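Undergrad: A single structure is presented below for examination.
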Amino acid sequence: MENIKELILAKVSDAVIEDKQYLTVTVKPEDLRTLAKMLRYDEGFDYLIQLTGVDYGDSLGVVYLLAKSEDMAVCIVIKTATADKENPTLPTVSDMWKAANWNEREVYDYFGVIFINHPDMRHLFLTERWKGYPLRKDYDAGRDVNPLDLKSYDMSDTTVSYVSEGDGIKKIEKNLFEEEDYVVNIGPQHPATHGVLHFRTALDGEIIKKIDANCGYIHRGVEKLCEGLTYPQSLHFTDRLDYLCAHIYRHGLCMCVEKAAGIEVPERAEVIRTIMDELQRIDSHLIAWSCMCQDMSALTAFIYGMRDREKILDIFEETGGGRLIQNYNVIGGVMADIHPNFVQRVKDFIPVMRKGLKEYHQLYTGNVIARERMIGVGVMSKETAIAYGVTGPSARASGIHCDLRKMAPYAAYDKVEFKEIIRMEGDSMARYMNRLDEIEESLHIIEQLIDNIPEGDFCAKTKAIIKLPEGEYFQRVEGGRGEWGVYILSKGDKTPYRMKFRSPCMTLVNAMDTISRGGKIADLITIGGSMDYIIPDIDR
Amino acid sequence: MEVKDIKIKGISYDEFKDNDSLEKYVEELRANGVGIITGVLDDIINWGRSNSLWPLTFATSCCGIEFMAVGAARYDFARFGFEVTRNSPRQADVIIVAGTIVDKMAPVLKRLYDQMAEPKYVIAMGSCAISGGPFCNSYCVVNGVDEFLPVDVYVPGCPPKPEALLYGMMQLQRKVKMERFMFKDKEVKENE
Ligand code: SF4
């Protein structure tokens, strides 16, 4: 890392380099691209993990968290800011990391920062009629400014980009589709988009030419809400982002706060959390499998998957009180000790699940139609996955080692041994198989822990009011669909100054255009099922 | 001719919590008098309608997963006549609003509702659909779908348990059973 500091200073002499949680480099906007290019192409930081807009009060900034695909644990943070709050502009990095495309649009939505040379500077979550920038500190959230409007408007077929020309900035309008394109709308209300997502699909006969995905139909403004709540209060939002990974997400936020506040989590809690996370992962993969099969008209498979899932929900309900959303993790540990039946229930569940897995393979994996529709369809190359920042089982199906449980272990993951499931094909089949294999690995992890839950407290004692020291905190965890992350910017208060959640599903949907081009429209549904995205996680 | 009792199969009258409002409704119907033929026809039609209320496949977020669970093996709402979920609003009788409705989604939901054929019903499932739930302070969340849709049954919870949703759906069945179906429009016009 010393070496990299010198390299950075050689390129950008007035960069401010700090050793924080990760190496943090602050640069002026005009040097951003020079630094980004060097880190991307010379130093191998090919993953853009997070891109967060921040309103610092007197300036608007962006924080980039980069990682390497060779070693996902190695991270670096770049920061930049513009003092112009009237017409804020920053250079885009979307040509270096495709993942930045949607993230920059999100920043435009939230803060009104225009990214120069960005190919598609439209709103991502909000509509064009939205007034103001909601995450700016001076935004007045009154309903009189942006009243509820029930009128349906036509969607615009054009997009804009801003390019720098001489001293000024030129606005260029572009058509999203070509004149003779045949465009089919899929969504926002469509049973196979797994939520309220809207694809505008340009077709040439049956072949997909281009997909324009629209989000925001479930944008609930969680990040803004968090700014007004204390840390324990904001925990419940994480359960409701990706509700199929409720435990895992909440675990992530708790860990971030615990680390920042210096709270020591008892070992018992760590093990309970790990077991719960893995149960949750199985639950999530089961739903993914069920829904994917259902999308391909295998309703029986859906019923089978849901049947086995109920057993996990029973375990959750007994201990945590909730089925889908458990609100079980709290800062310092877990809310309640495990139920006396917990261990036995989990032990009974493991053979049931194994039997279930066998059944699934017999029922569906070997099915001729299923194989025809999955093998070789929707191939995501390793490069595409990296460019879009795709992680999780989908990226591991394209040969990328990105399991954070292995790369940057947390909780009790360093005490257990398990395999990271990697496949090289990158097609729907590989993603499908990866999920089923990961269920087996999760069972293996649970087996190792369930008899060894240490005695002791299940929750550390914390102060009534938790204040985080001033600073920036990151936490990354392995969710069911990929890497989930938190970014907290604290000014020393009991509420965060800015809280950002990194959504794994956003990367998946962002990549849909690239991987389904040239495929048949019927396969779009299969590919979507195999990518397994959850829309509220994208929209937040 | 008497207006029929508020009874449905499977769950006894006393087990329903809110019987008063339906009783009042029945009183009203009785006071207006029921023709023998229309009354009998109503009975038959409503018997059919209340036992085949088909919901629209509509879910925006977390509550949708519980909705799916109610449709799957363990809870199986087909037992009560909710048989199949329809993917087209044209074929659905009831829309179960499962999940948060935000500003961008509200016009879509409104249009879906408008596309459904009469008679149609709305169930607000979960605190988000009822009042905005945990997100009620957000800058773009609708604080309850009853701002623009006529809600028939509210099912509280975050998310409601499957049993709660089944209970709510049965409440809707009772409501449907009590309805005046024949010549309803004519009467409404005359009263105007
Ligand atoms: S009521 Fe709760 S569970 Fe249902 S959609 Fe709202 S937040 Fe999710």
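Here, A, B, ... name the chains of the structure tokens in the order displayed, residue numbers run from 1 inside each chain, and ligands are numbered from 1 in the same displayed order.
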How would you write, as number ranges by chain, the set of residues no farther than 9 Å from ligand 1 when counting only C-alpha atoms and all ligand atoms?

TA: A: 237, 239-241, 243, 324-325; B: 59-66, 98-101, 125-135, 156-160

Undergrad: At a cut-off of 7 Å, list the chain A residues touching chain B, using only C-alpha atoms, as a list of chain:residue names.

TA: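 Per the criterion, chain A yields A:Ala141, A:Leu148, A:Leu150, A:Lys151, A:Ser152, A:Pro191, A:Gly195, A:Val196, A:Gly216, A:Tyr217, A:Ile218, A:His219, A:Arg220, A:Gly221, A:Leu225, A:Arg240, A:Tyr243, A:Ile303, A:Met306, A:Arg307, A:Pro536.
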
Undergrad: Excluding Leu508 (chain A) and its own-chain neighbours fewer than 3 positions away, which residues fall within 7 Å of it when counting only C-alpha atoms? Please give them as a list in words.

TA: Val390, Pro504, Cys505, Ala511, Met512, Met531 and Tyr533 of chain A

Undergrad: Which one is closest to Ala260 (chain A): A:Leu51, A:Ile331, A:Ala81, A:Cys215? Count only C-alpha atoms.

TA: A:Ile331

Undergrad: Give me the residues near Leu22 (chain B) as a list in words, where near means some atom within 9 Å (using only C-alpha atoms) and where sequence neighbours in that chain fewer than 5 positions away do not count.

TA: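 Those residues are Ile6, Glu27, Arg174, Lys175 and Met178 of chain B.
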
Undergrad: For N, CA and C atoms, I'd like the residues from the last selection saved as a short mmCIF file (atom, residue, chain, number, x, y, z; two decimals), in the first residue's frame.

TA:
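Below is the file out37.cif, written as the result:
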```cif
data_model
loop_
_atom_site.label_atom_id
_atom_site.label_comp_id
_atom_site.auth_asym_id
_atom_site.auth_seq_id
_atom_site.Cartn_x
_atom_site.Cartn_y
_atom_site.Cartn_z
N ILE B 6 -75.17 -13.92 7.75
CA ILE B 6 -73.77 -13.69 7.38
C ILE B 6 -72.99 -14.93 7.76
N GLU B 27 -79.08 -4.82 8.13
CA GLU B 27 -80.27 -4.11 8.61
C GLU B 27 -80.79 -3.15 7.55
N ARG B 174 -67.50 -12.53 3.14
CA ARG B 174 -68.76 -12.23 3.84
C ARG B 174 -69.40 -10.98 3.27
N LYS B 175 -68.54 -10.02 3.01
CA LYS B 175 -69.05 -8.77 2.47
C LYS B 175 -69.72 -9.00 1.11
N MET B 178 -73.16 -10.54 1.26
CA MET B 178 -74.27 -9.70 1.70
C MET B 178 -74.71 -8.70 0.65
#
```

Undergrad: Write out as a count of residues only which residues come within 12 Å of Pro409 (chain A) when counting only C-alpha atoms, dropping same-chain ones fewer than 3 positions away.

TA: 18

Undergrad: Within region 34-148 of chain B, find each residue whose DSSP state, derived from the backbone, is strand (DSSP E), and express the selection as a list in words.

TA: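 The strand (DSSP E) subset of region 34-148 of chain B is Pro55, Leu56, Val94, Ile95, Ile96, Val97, Ala98, Tyr121, Val122, Ile123, Ala124 and Met125 of chain B.
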
Undergrad: Counting only C-alpha atoms, what is within 9 Å of Phe302 (chain A), bar same-chain residues fewer than 3 positions away, as a PyMOL selection string?

TA: (chain A and resi 287+289-294+298-299+305-307) or (chain B and resi 72)

Undergrad: Restricting it to C-alpha atoms, dump the selection as a PDB file, in the first residue's frame.

TA:
```
ATOM      1  CA  ILE A 287     -37.318 -18.693  -3.306  1.00  0.00           C
ATOM      2  CA  TRP A 289     -35.162 -21.511  -7.352  1.00  0.00           C
ATOM      3  CA  SER A 290     -38.927 -21.735  -6.914  1.00  0.00           C
ATOM      4  CA  CYS A 291     -39.618 -18.523  -8.754  1.00  0.00           C
ATOM      5  CA  MET A 292     -37.224 -19.254 -11.553  1.00  0.00           C
ATOM      6  CA  CYS A 293     -38.878 -22.615 -12.131  1.00  0.00           C
ATOM      7  CA  GLN A 294     -42.272 -21.003 -11.950  1.00  0.00           C
ATOM      8  CA  ALA A 298     -42.976 -25.420 -13.549  1.00  0.00           C
ATOM      9  CA  LEU A 299     -45.562 -24.680 -10.916  1.00  0.00           C
ATOM     10  CA  GLY A 305     -39.631 -24.991  -2.842  1.00  0.00           C
ATOM     11  CA  MET A 306     -42.147 -23.037  -0.812  1.00  0.00           C
ATOM     12  CA  ARG A 307     -42.980 -26.154   1.160  1.00  0.00           C
TER      13      ARG A 307
ATOM     14  CA  ALA B  72     -48.346 -22.011  -1.846  1.00  0.00           C
TER      15      ALA B  72
END
```

Undergrad: I'd like to know which of B:Leu53, B:Val155, B:Leu149, B:Val176 is closest to Thr85 (chain B), using only C-alpha atoms.

TA: B:Leu53

Undergrad: CA of Ile116 (chain A) and CA of Thr80 (chain A), how far apart in Å?

TA: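 A separation of 14.4 Å between them.
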
Undergrad: I want to know what sits within 10 Å of region 455-471 of chain A, based on only C-alpha atoms, with residues of the same chain fewer than 2 positions away left out; could you give that as a ChimeraX atom specification?

TA: /A:20-21,230-232,257-273,329-338,452-453,473,488-497
